[in-house]
>>> print(open('final.cif').read())   # mmCIF, C-alpha atoms
data_target
#
loop_
_atom_site.label_atom_id
_atom_site.label_comp_id
_atom_site.auth_asym_id
_atom_site.auth_seq_id
_atom_site.Cartn_x
_atom_site.Cartn_y
_atom_site.Cartn_z
CA MET A 1 91.30 97.24 99.77
CA THR A 2 94.03 99.73 99.04
CA SER A 3 92.97 100.19 95.45
CA PHE A 4 89.36 100.67 96.54
CA ARG A 5 90.40 103.30 99.03
CA GLN A 6 92.59 104.99 96.44
CA SER A 7 89.88 105.01 93.83
CA SER A 8 87.28 106.34 96.25
CA CYS A 9 89.77 108.98 97.35
CA ARG A 10 90.36 109.87 93.71
CA ILE A 11 86.66 110.18 93.01
CA PHE A 12 86.27 112.36 96.07
CA CYS A 13 89.06 114.61 94.91
CA GLN A 14 87.64 114.84 91.41
CA LEU A 15 84.31 115.85 92.91
CA LEU A 16 86.05 118.43 95.03
CA LEU A 17 87.83 119.75 91.97
CA CYS A 18 84.55 120.02 90.04
CA LEU A 19 83.00 121.94 92.91
CA LEU A 20 85.99 124.25 93.10
CA LEU A 21 85.88 124.86 89.37
CA THR A 22 82.16 125.60 89.26
CA ALA A 23 82.50 127.84 92.30
CA ALA A 24 85.35 129.69 90.62
CA ILE A 25 83.37 130.08 87.40
CA ASP A 26 80.37 131.32 89.37
CA ALA A 27 82.54 133.78 91.23
CA VAL A 28 84.09 135.03 88.03
CA ALA A 29 80.68 135.27 86.35
CA SER A 30 79.06 137.15 89.24
CA ASP A 31 82.09 139.41 89.41
CA ALA A 32 81.93 140.00 85.72
CA VAL A 33 78.32 141.11 85.38
CA PRO A 34 78.39 144.30 87.47
CA ALA A 35 82.06 144.85 86.75
CA ALA A 36 81.60 144.68 82.98
CA LEU A 37 80.68 148.35 82.93
CA SER A 38 83.73 149.59 84.81
CA VAL A 39 86.52 146.97 84.33
CA PRO A 40 88.19 146.92 80.93
CA PRO A 41 88.43 143.52 79.21
CA ALA A 42 92.22 143.38 79.48
CA GLN A 43 91.98 143.75 83.23
CA GLU A 44 89.30 141.10 83.38
CA ASN A 45 91.43 138.71 81.35
CA ALA A 46 94.35 139.20 83.68
CA ASP A 47 92.14 138.48 86.67
CA LEU A 48 90.86 135.32 85.05
CA LYS A 49 94.37 134.19 84.22
CA ARG A 50 95.47 134.69 87.80
CA LYS A 51 92.54 132.72 89.12
CA LEU A 52 93.15 129.94 86.64
CA ARG A 53 96.80 129.75 87.61
CA ARG A 54 95.83 129.45 91.26
CA LEU A 55 93.50 126.59 90.39
CA GLU A 56 96.23 124.85 88.42
CA HIS A 57 98.53 125.10 91.41
CA GLN A 58 95.84 123.57 93.57
CA VAL A 59 95.39 120.71 91.12
CA THR A 60 99.11 119.89 91.10
CA ALA A 61 99.24 120.10 94.88
CA LEU A 62 96.27 117.76 95.10
CA ARG A 63 97.87 115.32 92.69
CA ASP A 64 101.09 115.33 94.69
CA GLU A 65 99.11 114.67 97.83
CA LEU A 66 97.33 111.74 96.19
CA ASN A 67 100.61 110.19 95.06
CA ALA A 68 102.35 110.57 98.39
CA PRO A 69 102.70 107.26 100.21
CA ASP A 70 100.87 107.14 103.49
CA SER A 71 102.42 105.98 106.71
CA THR A 72 100.52 102.70 107.01
CA GLN A 73 101.88 101.60 103.66
CA ILE A 74 105.41 102.52 104.66
CA VAL A 75 105.16 100.58 107.91
CA GLY A 76 103.60 97.70 105.97
CA GLY A 77 106.52 97.69 103.57
CA ILE A 78 109.01 97.54 106.43
CA GLY A 79 107.00 94.63 107.82
CA TYR A 80 107.26 92.83 104.47
CA ILE A 81 111.04 93.29 104.41
CA VAL A 82 111.52 92.07 107.97
CA GLY A 83 109.18 89.15 107.25
CA VAL A 84 110.97 88.08 104.08
CA PHE A 85 114.37 88.15 105.73
CA GLY A 86 112.92 86.45 108.79
CA ILE A 87 111.71 83.55 106.65
CA ALA A 88 115.05 83.39 104.84
CA GLY A 89 116.88 83.33 108.16
CA TRP A 90 114.58 80.67 109.56
CA LEU A 91 115.02 78.45 106.50
CA SER A 92 118.80 78.74 106.54
CA ALA A 93 118.90 78.11 110.28
CA ARG A 94 116.77 74.99 109.80
CA LYS A 95 119.10 73.79 107.06
CA LYS A 96 122.09 74.34 109.30
CA LEU A 97 120.47 72.44 112.17
CA ARG A 98 119.65 69.51 109.86
CA GLN A 99 123.24 69.37 108.68
CA GLU A 100 124.45 69.21 112.26
CA ASP A 101 122.15 66.30 113.13
CA MET B 1 114.52 108.70 89.68
CA HIS B 2 112.32 105.86 88.59
CA ILE B 3 111.66 104.57 85.10
CA SER B 4 107.95 104.01 84.50
CA ASP B 5 106.18 101.27 82.59
CA GLY B 6 106.14 101.54 78.85
CA VAL B 7 109.05 103.95 78.51
CA LEU B 8 111.67 101.42 77.51
CA PRO B 9 111.62 99.27 74.36
CA ILE B 10 110.68 95.64 74.91
CA GLY B 11 114.18 94.33 74.18
CA VAL B 12 115.70 96.49 76.88
CA VAL B 13 112.95 95.48 79.32
CA ILE B 14 113.63 91.77 78.77
CA GLY B 15 117.40 92.17 78.75
CA SER B 16 117.51 94.20 81.93
CA GLY B 17 115.06 91.80 83.56
CA ILE B 18 117.30 88.82 82.81
CA ALA B 19 120.44 90.69 83.84
CA SER B 20 118.94 91.76 87.14
CA LEU B 21 117.63 88.24 87.83
CA ALA B 22 121.11 86.83 87.26
CA LEU B 23 122.68 89.47 89.48
CA ALA B 24 120.05 88.82 92.16
CA ALA B 25 120.78 85.10 92.09
CA TRP B 26 124.50 85.80 92.43
CA SER B 27 123.75 88.23 95.23
CA VAL B 28 121.66 85.66 97.11
CA ARG B 29 124.43 83.06 96.83
CA ARG B 30 126.96 85.53 98.18
CA THR B 31 124.78 86.46 101.15
CA ASP B 32 125.76 84.71 104.34
CA SER B 33 122.84 83.69 106.54
CA GLU B 34 124.61 85.31 109.50
CA ASP B 35 124.27 88.63 107.68
CA LEU B 36 120.52 88.43 107.10
CA PRO B 37 119.50 90.80 109.93
CA LYS B 38 121.94 93.41 108.67
CA VAL B 39 120.69 93.03 105.11
CA ALA B 40 117.10 93.35 106.35
CA VAL B 41 117.82 96.55 108.26
CA VAL B 42 119.65 98.17 105.35
CA THR B 43 116.90 97.09 102.93
CA ALA B 44 114.29 98.67 105.16
CA SER B 45 116.33 101.88 105.37
CA PHE B 46 116.69 101.95 101.59
CA PHE B 47 112.95 101.36 101.18
CA VAL B 48 111.98 104.16 103.55
CA THR B 49 114.63 106.66 102.47
CA SER B 50 113.30 107.04 98.95
CA LEU B 51 109.78 107.65 100.28
CA ILE B 52 110.70 110.76 102.22
CA HIS B 53 110.34 113.63 99.79
CA VAL B 54 112.02 116.88 100.72
CA PRO B 55 110.57 119.91 98.95
CA LEU B 56 113.31 121.81 97.15
CA GLY B 57 112.47 124.82 95.03
CA PRO B 58 109.80 124.00 92.48
CA THR B 59 110.11 120.21 92.78
CA SER B 60 110.85 117.77 95.56
CA VAL B 61 113.79 115.43 95.83
CA HIS B 62 114.37 112.30 97.82
CA LEU B 63 117.48 110.40 98.82
CA LEU B 64 118.44 107.24 96.96
CA ILE B 65 121.48 105.96 98.93
CA PRO B 66 122.71 103.29 96.49
CA GLY B 67 126.27 104.13 97.53
CA LEU B 68 125.64 103.67 101.22
CA VAL B 69 123.75 100.41 100.65
CA GLY B 70 126.71 99.12 98.61
CA ILE B 71 129.22 100.16 101.26
CA LEU B 72 127.28 98.44 104.03
CA LEU B 73 126.23 95.27 102.21
CA GLY B 74 128.77 94.58 99.49
CA PRO B 75 127.54 91.74 97.25
CA SER B 76 124.23 91.52 99.11
CA SER B 77 123.35 95.08 98.12
CA PHE B 78 121.77 94.04 94.83
CA LEU B 79 119.35 91.75 96.66
CA ALA B 80 118.46 94.54 99.07
CA ILE B 81 117.81 97.03 96.30
CA LEU B 82 115.77 94.62 94.19
CA LEU B 83 113.53 93.80 97.15
CA GLY B 84 113.15 97.44 98.14
CA LEU B 85 112.22 98.47 94.61
CA LEU B 86 109.82 95.53 94.21
CA LEU B 87 107.90 96.58 97.30
CA GLN B 88 107.92 100.21 96.22
CA SER B 89 106.48 99.34 92.86
CA LEU B 90 103.86 97.03 94.38
CA LEU B 91 102.77 99.34 97.19
CA PHE B 92 103.24 102.80 95.73
CA GLN B 93 103.37 102.33 91.95
CA PHE B 94 106.87 103.85 91.88
CA GLY B 95 108.08 102.62 88.53
CA GLY B 96 106.15 99.71 87.11
CA LEU B 97 106.72 95.99 87.46
CA THR B 98 107.97 95.63 83.89
CA ALA B 99 110.55 98.35 84.48
CA LEU B 100 111.66 96.72 87.72
CA GLY B 101 114.66 95.06 86.08
CA ALA B 102 115.88 98.31 84.60
CA ASN B 103 115.29 100.18 87.84
CA ALA B 104 117.12 97.50 89.82
CA LEU B 105 120.09 97.67 87.45
CA MET B 106 120.08 101.45 87.63
CA MET B 107 120.39 101.42 91.42
CA GLY B 108 121.99 98.03 92.04
CA VAL B 109 125.00 98.17 89.74
CA PRO B 110 126.23 101.46 91.24
CA ALA B 111 125.70 99.93 94.69
CA LEU B 112 127.88 96.92 93.84
CA LEU B 113 130.56 99.14 92.32
CA CYS B 114 130.49 101.48 95.31
CA GLY B 115 130.87 98.57 97.69
CA LEU B 116 133.84 97.24 95.75
CA LEU B 117 135.43 100.67 95.49
CA PHE B 118 134.97 101.43 99.18
CA ASN B 119 136.46 98.09 100.12
CA LYS B 120 139.51 98.76 97.95
CA LEU B 121 140.14 102.36 98.99
CA ARG B 122 139.02 102.64 102.57
CA GLY B 123 142.43 102.29 104.20
CA SER B 124 142.67 102.01 107.96
CA THR B 125 142.25 105.49 109.45
CA GLN B 126 138.93 107.07 110.30
CA LYS B 127 139.72 110.10 108.18
CA GLN B 128 140.28 108.03 105.08
CA HIS B 129 137.14 106.00 105.78
CA VAL B 130 135.07 109.16 106.01
CA ILE B 131 136.52 110.80 102.89
CA VAL B 132 136.26 107.69 100.75
CA GLY B 133 132.79 106.95 102.11
CA GLY B 134 131.55 110.44 101.31
CA LEU B 135 132.95 110.38 97.78
CA VAL B 136 131.65 106.88 97.07
CA GLY B 137 128.27 107.70 98.59
CA GLY B 138 127.81 110.73 96.37
CA GLY B 139 129.34 108.95 93.38
CA GLY B 140 126.84 106.10 93.58
CA THR B 141 123.96 108.45 92.95
CA LEU B 142 125.91 110.13 90.15
CA LEU B 143 126.37 106.75 88.50
CA SER B 144 122.67 106.00 88.93
CA ALA B 145 121.80 109.22 87.14
CA ALA B 146 124.17 108.32 84.32
CA LEU B 147 122.62 104.85 84.01
CA LEU B 148 119.15 106.43 83.99
CA ALA B 149 120.19 108.60 81.06
CA LEU B 150 121.68 105.58 79.30
CA LEU B 151 118.52 103.50 79.76
CA LEU B 152 116.26 106.31 78.60
CA PHE B 153 118.59 106.81 75.63
CA SER B 154 117.78 103.22 74.61
CA GLY B 155 114.12 104.24 74.67
CA GLY B 156 114.78 106.90 72.08
CA GLU B 157 115.38 109.92 74.29
CA ASP B 158 118.12 112.39 73.65
CA PHE B 159 121.00 111.10 75.80
CA LEU B 160 122.83 114.32 76.58
CA GLY B 161 119.63 116.21 77.32
CA VAL B 162 118.38 113.62 79.79
CA ALA B 163 121.80 113.24 81.36
CA LYS B 164 122.10 116.98 81.86
CA LEU B 165 118.61 117.18 83.32
CA ALA B 166 119.19 114.26 85.69
CA LEU B 167 122.52 115.71 86.79
CA VAL B 168 121.19 119.20 87.45
CA ALA B 169 118.06 117.98 89.21
CA HIS B 170 120.07 115.72 91.49
CA LEU B 171 123.01 118.01 92.17
CA PRO B 172 121.83 118.77 95.72
CA VAL B 173 121.10 115.07 96.20
CA PHE B 174 124.68 114.11 95.32
CA LEU B 175 126.00 116.55 97.88
CA ILE B 176 123.55 115.54 100.60
CA GLU B 177 124.17 111.84 99.98
CA GLY B 178 127.90 112.34 100.17
CA LEU B 179 127.51 114.11 103.50
CA ILE B 180 125.11 111.51 104.87
CA SER B 181 127.38 108.65 103.80
CA ALA B 182 130.41 110.33 105.35
CA PHE B 183 128.52 110.97 108.58
CA THR B 184 127.11 107.42 108.74
CA ILE B 185 130.49 105.88 108.11
CA SER B 186 132.30 108.01 110.65
CA PHE B 187 129.63 107.05 113.20
CA LEU B 188 129.83 103.34 112.36
CA TYR B 189 133.63 103.43 112.36
CA ARG B 190 133.59 104.65 115.93
CA VAL B 191 130.66 102.59 117.21
CA LYS B 192 130.59 99.34 115.29
CA PRO B 193 133.43 99.09 112.76
CA GLU B 194 132.71 95.43 111.95
CA LEU B 195 129.56 96.59 110.13
CA LEU B 196 131.82 98.07 107.48
CA ASN B 197 133.48 94.74 106.72
CA GLN B 198 131.90 93.18 103.67
CA ARG B 199 132.39 89.75 102.30
CA PHE B 200 133.82 90.55 98.91
CA SER B 201 136.99 88.61 99.58
CA ALA B 202 135.79 85.62 101.53
CA LEU B 203 133.57 83.25 99.58
CA GLN B 204 130.82 82.35 102.00
CA GLN B 205 128.02 80.18 100.82
CA GLY B 206 125.02 79.19 102.89
#
>>> encode(input="final.cif", output="structure tokens")
Amino acid sequence: MTSFRQSSCRIFCQLLLCLLLTAAIDAVASDAVPAALSVPPAQENADLKRKLRRLEHQVTALRDELNAPDSTQIVGGIGYIVGVFGIAGWLSARKKLRQED
Amino acid sequence: MHISDGVLPIGVVIGSGIASLALAAWSVRRTDSEDLPKVAVVTASFFVTSLIHVPLGPTSVHLLIPGLVGILLGPSSFLAILLGLLLQSLLFQFGGLTALGANALMMGVPALLCGLLFNKLRGSTQKQHVIVGGLVGGGGTLLSAALLALLLFSGGEDFLGVAKLALVAHLPVFLIEGLISAFTISFLYRVKPELLNQRFSALQQG
């Protein structure tokens, strides 16, 4: 269940990333055609680099977000811990009661 | 501060697995059934604490609290840490299952040492409790970082480089953990001092 949700989430994010990238490339390309006459190549390169860096930042942010534990899992983990110690306590209490009998 | 799957050589993986199993068994035998609720609460705190990431500069850090766990639980702390790490690796893929032994040693051994140290040095006044608690709380994380460097060194990394990196990256964490431990202990000393009594001296078996 969890892994399915994670994988579907991952696929969604990859799709989003592809869209972002193509959009960025389109934007750069459409910028570049009319600008090619007036903007020198060095300037254009710098612009591209800046845009690429912004995209890289977005990718890392997205990856961090994907790796962050969500609250249901945290609460679930606490439930596991309480459950395990509950069972341990129940078993030891049962043992103690048997010894008293 | 987690070691991932496949970083350590197979010998170290097996060795640390066996060592942490043995320590866990010892820890279980030393845990009194009366203490189970306390162990459960501290385990849950340990589990949650390392999930809360605080952004700090370019990276994010999270608390580890091995020292505080050791102070509160004594011999039971290894059990608490092993369980917390097991759930973290199962639910969140923090460190893999094969590295669980190494991770448990990295956090659990400092916890045991901190518990022992706190028990020896804590004295009877609140001031001494707070000072010792703060130092031990910060020191536990320091020791964890050193063990991390040692374990990665066995995997072929450059020991001093990793140690330096782990120390610098966790410098704020040491300070914050020291403060949090000191604060927690001063609070517990005033409100429920019997929580600070561990069972290192008395042999209590289920």
>>> resolve_selection(input="final.cif", expression="the PyMOL selection byres ((chain B and resi 31) around 12)", output="ChimeraX atom specification")
/A:85,88-89,92 /B:24-30,32-40,73-80,198-200,202-206
>>> resolve_selection(input="final.cif", expression="the PyMOL selection byres ((chain B and resi 52) around 12)", output="list in words")
Ala68, Pro69, Asp70, Ser71 and Ile74 of chain A; Ser45, Phe46, Phe47, Val48, Thr49, Ser50, Leu51, His53, Val54, Pro55, Ser60, Val61, His62, Leu63 and Leu64 of chain B
>>> interface_residues(input="final.cif", of="chain A", to="chain B", cutoff="12 Å", atoms="only C-alpha atoms", output="PyMOL selection string")
chain A and resi 1-3+6+57+60-61+64-96+99
>>> write_last_selection(input="final.cif", atoms="C-alpha atoms", output="short mmCIF file (atom, residue, chain, number, x, y, z; two decimals), keeping the file's coordinate frame")
data_model
loop_
_atom_site.label_atom_id
_atom_site.label_comp_id
_atom_site.auth_asym_id
_atom_site.auth_seq_id
_atom_site.Cartn_x
_atom_site.Cartn_y
_atom_site.Cartn_z
CA MET A 1 91.30 97.24 99.77
CA THR A 2 94.03 99.73 99.04
CA SER A 3 92.97 100.19 95.45
CA GLN A 6 92.59 104.99 96.44
CA HIS A 57 98.53 125.10 91.41
CA THR A 60 99.11 119.89 91.10
CA ALA A 61 99.24 120.10 94.88
CA ASP A 64 101.09 115.33 94.69
CA GLU A 65 99.11 114.67 97.83
CA LEU A 66 97.33 111.74 96.19
CA ASN A 67 100.61 110.19 95.06
CA ALA A 68 102.35 110.57 98.39
CA PRO A 69 102.70 107.26 100.21
CA ASP A 70 100.87 107.14 103.49
CA SER A 71 102.42 105.98 106.71
CA THR A 72 100.52 102.70 107.01
CA GLN A 73 101.88 101.60 103.66
CA ILE A 74 105.41 102.52 104.66
CA VAL A 75 105.16 100.58 107.91
CA GLY A 76 103.60 97.70 105.97
CA GLY A 77 106.52 97.69 103.57
CA ILE A 78 109.01 97.54 106.43
CA GLY A 79 107.00 94.63 107.82
CA TYR A 80 107.26 92.83 104.47
CA ILE A 81 111.04 93.29 104.41
CA VAL A 82 111.52 92.07 107.97
CA GLY A 83 109.18 89.15 107.25
CA VAL A 84 110.97 88.08 104.08
CA PHE A 85 114.37 88.15 105.73
CA GLY A 86 112.92 86.45 108.79
CA ILE A 87 111.71 83.55 106.65
CA ALA A 88 115.05 83.39 104.84
CA GLY A 89 116.88 83.33 108.16
CA TRP A 90 114.58 80.67 109.56
CA LEU A 91 115.02 78.45 106.50
CA SER A 92 118.80 78.74 106.54
CA ALA A 93 118.90 78.11 110.28
CA ARG A 94 116.77 74.99 109.80
CA LYS A 95 119.10 73.79 107.06
CA LYS A 96 122.09 74.34 109.30
CA GLN A 99 123.24 69.37 108.68
#
>>> closest_residue(input="final.cif", among="B:Val12, B:Met106, B:Ile131, B:Ala22", to="Leu148 (chain B)", atoms="all atoms listed in the file")
B:Met106
>>> resolve_selection(input="final.cif", expression="the PyMOL selection byres ((chain B and resi 98) around 12)", output="PyMOL selection string")
chain B and resi 3-18+85-86+89-90+93-97+99-104
>>> atom_distance(input="final.cif", atom1="CA of Gly67 (chain B)", atom2="CA of Cys114 (chain B)")
5.5 Å
>>> closest_residue(input="final.cif", among="B:Ser186, B:Thr141, B:Asn197, B:Ser20", to="His129 (chain B)", atoms="all atoms listed in the file")
B:Ser186
>>> axis_aligned_box(input="final.cif", around="region 42-58 of chain A", padding_each_side="8 Å", output="AutoDock Vina command-line options")
--center_x 93.9 --center_y 133.7 --center_z 86.5 --size_x 25.2 --size_y 36.2 --size_z 30.1
>>> atom_distance(input="final.cif", atom1="CA of Arg122 (chain B)", atom2="CA of Val173 (chain B)")
22.7 Å
>>> build_atoms(input="final.cif", residues="region 63-74 of chain A", atoms="all heavy atoms", output="mmCIF file, keeping the file's coordinate frame")
data_model
loop_
_atom_site.group_PDB
_atom_site.id
_atom_site.type_symbol
_atom_site.label_atom_id
_atom_site.label_comp_id
_atom_site.auth_asym_id
_atom_site.auth_seq_id
_atom_site.Cartn_x
_atom_site.Cartn_y
_atom_site.Cartn_z
ATOM 1 N N ARG A 63 97.335 116.532 93.316
ATOM 2 C CA ARG A 63 97.870 115.320 92.690
ATOM 3 C C ARG A 63 99.072 114.809 93.472
ATOM 4 O O ARG A 63 99.194 113.602 93.707
ATOM 5 C CB ARG A 63 98.250 115.614 91.244
ATOM 6 C CG ARG A 63 98.550 114.358 90.467
ATOM 7 C CD ARG A 63 98.829 114.659 89.026
ATOM 8 N NE ARG A 63 97.671 115.221 88.336
ATOM 9 C CZ ARG A 63 97.752 116.133 87.379
ATOM 10 N NH1 ARG A 63 98.921 116.591 87.000
ATOM 11 N NH2 ARG A 63 96.669 116.573 86.787
ATOM 12 N N ASP A 64 99.941 115.741 93.889
ATOM 13 C CA ASP A 64 101.090 115.330 94.690
ATOM 14 C C ASP A 64 100.640 114.635 95.970
ATOM 15 O O ASP A 64 101.184 113.625 96.379
ATOM 16 C CB ASP A 64 101.943 116.548 95.061
ATOM 17 C CG ASP A 64 102.795 116.996 93.890
ATOM 18 O OD1 ASP A 64 102.834 116.243 92.898
ATOM 19 O OD2 ASP A 64 103.375 118.080 93.962
ATOM 20 N N GLU A 65 99.604 115.226 96.585
ATOM 21 C CA GLU A 65 99.110 114.670 97.830
ATOM 22 C C GLU A 65 98.563 113.256 97.625
ATOM 23 O O GLU A 65 98.753 112.375 98.442
ATOM 24 C CB GLU A 65 98.015 115.574 98.373
ATOM 25 C CG GLU A 65 98.042 115.735 99.872
ATOM 26 C CD GLU A 65 97.176 116.902 100.291
ATOM 27 O OE1 GLU A 65 97.635 118.063 100.135
ATOM 28 O OE2 GLU A 65 96.056 116.663 100.720
ATOM 29 N N LEU A 66 97.890 113.056 96.485
ATOM 30 C CA LEU A 66 97.330 111.740 96.190
ATOM 31 C C LEU A 66 98.424 110.710 95.987
ATOM 32 O O LEU A 66 98.282 109.553 96.366
ATOM 33 C CB LEU A 66 96.470 111.810 94.926
ATOM 34 C CG LEU A 66 95.020 112.184 95.125
ATOM 35 C CD1 LEU A 66 94.315 112.194 93.784
ATOM 36 C CD2 LEU A 66 94.349 111.183 96.047
ATOM 37 N N ASN A 67 99.540 111.136 95.356
ATOM 38 C CA ASN A 67 100.610 110.190 95.060
ATOM 39 C C ASN A 67 101.498 109.905 96.254
ATOM 40 O O ASN A 67 102.244 108.940 96.245
ATOM 41 C CB ASN A 67 101.467 110.721 93.907
ATOM 42 C CG ASN A 67 100.753 110.566 92.583
ATOM 43 O OD1 ASN A 67 99.832 109.768 92.474
ATOM 44 N ND2 ASN A 67 101.169 111.333 91.601
ATOM 45 N N ALA A 68 101.460 110.759 97.251
ATOM 46 C CA ALA A 68 102.350 110.570 98.390
ATOM 47 C C ALA A 68 101.977 109.298 99.138
ATOM 48 O O ALA A 68 100.803 109.037 99.378
ATOM 49 C CB ALA A 68 102.263 111.772 99.312
ATOM 50 N N PRO A 69 102.988 108.482 99.467
ATOM 51 C CA PRO A 69 102.700 107.260 100.210
ATOM 52 C C PRO A 69 102.238 107.597 101.621
ATOM 53 O O PRO A 69 102.743 108.548 102.217
ATOM 54 C CB PRO A 69 104.055 106.551 100.250
ATOM 55 C CG PRO A 69 105.055 107.618 100.036
ATOM 56 C CD PRO A 69 104.410 108.662 99.187
ATOM 57 N N ASP A 70 101.284 106.837 102.123
ATOM 58 C CA ASP A 70 100.870 107.140 103.490
ATOM 59 C C ASP A 70 101.578 106.216 104.474
ATOM 60 O O ASP A 70 102.160 105.206 104.098
ATOM 61 C CB ASP A 70 99.345 107.151 103.623
ATOM 62 C CG ASP A 70 98.760 105.780 103.747
ATOM 63 O OD1 ASP A 70 99.115 105.095 104.707
ATOM 64 O OD2 ASP A 70 97.949 105.396 102.890
ATOM 65 N N SER A 71 101.530 106.609 105.742
ATOM 66 C CA SER A 71 102.420 105.980 106.710
ATOM 67 C C SER A 71 102.099 104.504 106.930
ATOM 68 O O SER A 71 102.999 103.710 107.161
ATOM 69 C CB SER A 71 102.358 106.723 108.036
ATOM 70 O OG SER A 71 101.038 106.690 108.518
ATOM 71 N N THR A 72 100.821 104.122 106.809
ATOM 72 C CA THR A 72 100.520 102.700 107.010
ATOM 73 C C THR A 72 101.187 101.842 105.947
ATOM 74 O O THR A 72 101.661 100.743 106.234
ATOM 75 C CB THR A 72 99.003 102.440 106.969
ATOM 76 O OG1 THR A 72 98.492 103.006 105.771
ATOM 77 C CG2 THR A 72 98.296 103.036 108.145
ATOM 78 N N GLN A 73 101.234 102.371 104.728
ATOM 79 C CA GLN A 73 101.880 101.600 103.660
ATOM 80 C C GLN A 73 103.378 101.479 103.899
ATOM 81 O O GLN A 73 103.972 100.437 103.633
ATOM 82 C CB GLN A 73 101.631 102.274 102.313
ATOM 83 C CG GLN A 73 100.227 102.036 101.800
ATOM 84 C CD GLN A 73 99.960 102.840 100.550
ATOM 85 O OE1 GLN A 73 100.263 104.021 100.507
ATOM 86 N NE2 GLN A 73 99.399 102.213 99.546
ATOM 87 N N ILE A 74 103.972 102.561 104.400
ATOM 88 C CA ILE A 74 105.410 102.520 104.660
ATOM 89 C C ILE A 74 105.721 101.487 105.745
ATOM 90 O O ILE A 74 106.602 100.643 105.594
ATOM 91 C CB ILE A 74 105.910 103.912 105.095
ATOM 92 C CG1 ILE A 74 105.750 104.893 103.933
ATOM 93 C CG2 ILE A 74 107.354 103.850 105.545
ATOM 94 C CD1 ILE A 74 106.134 106.300 104.261
#
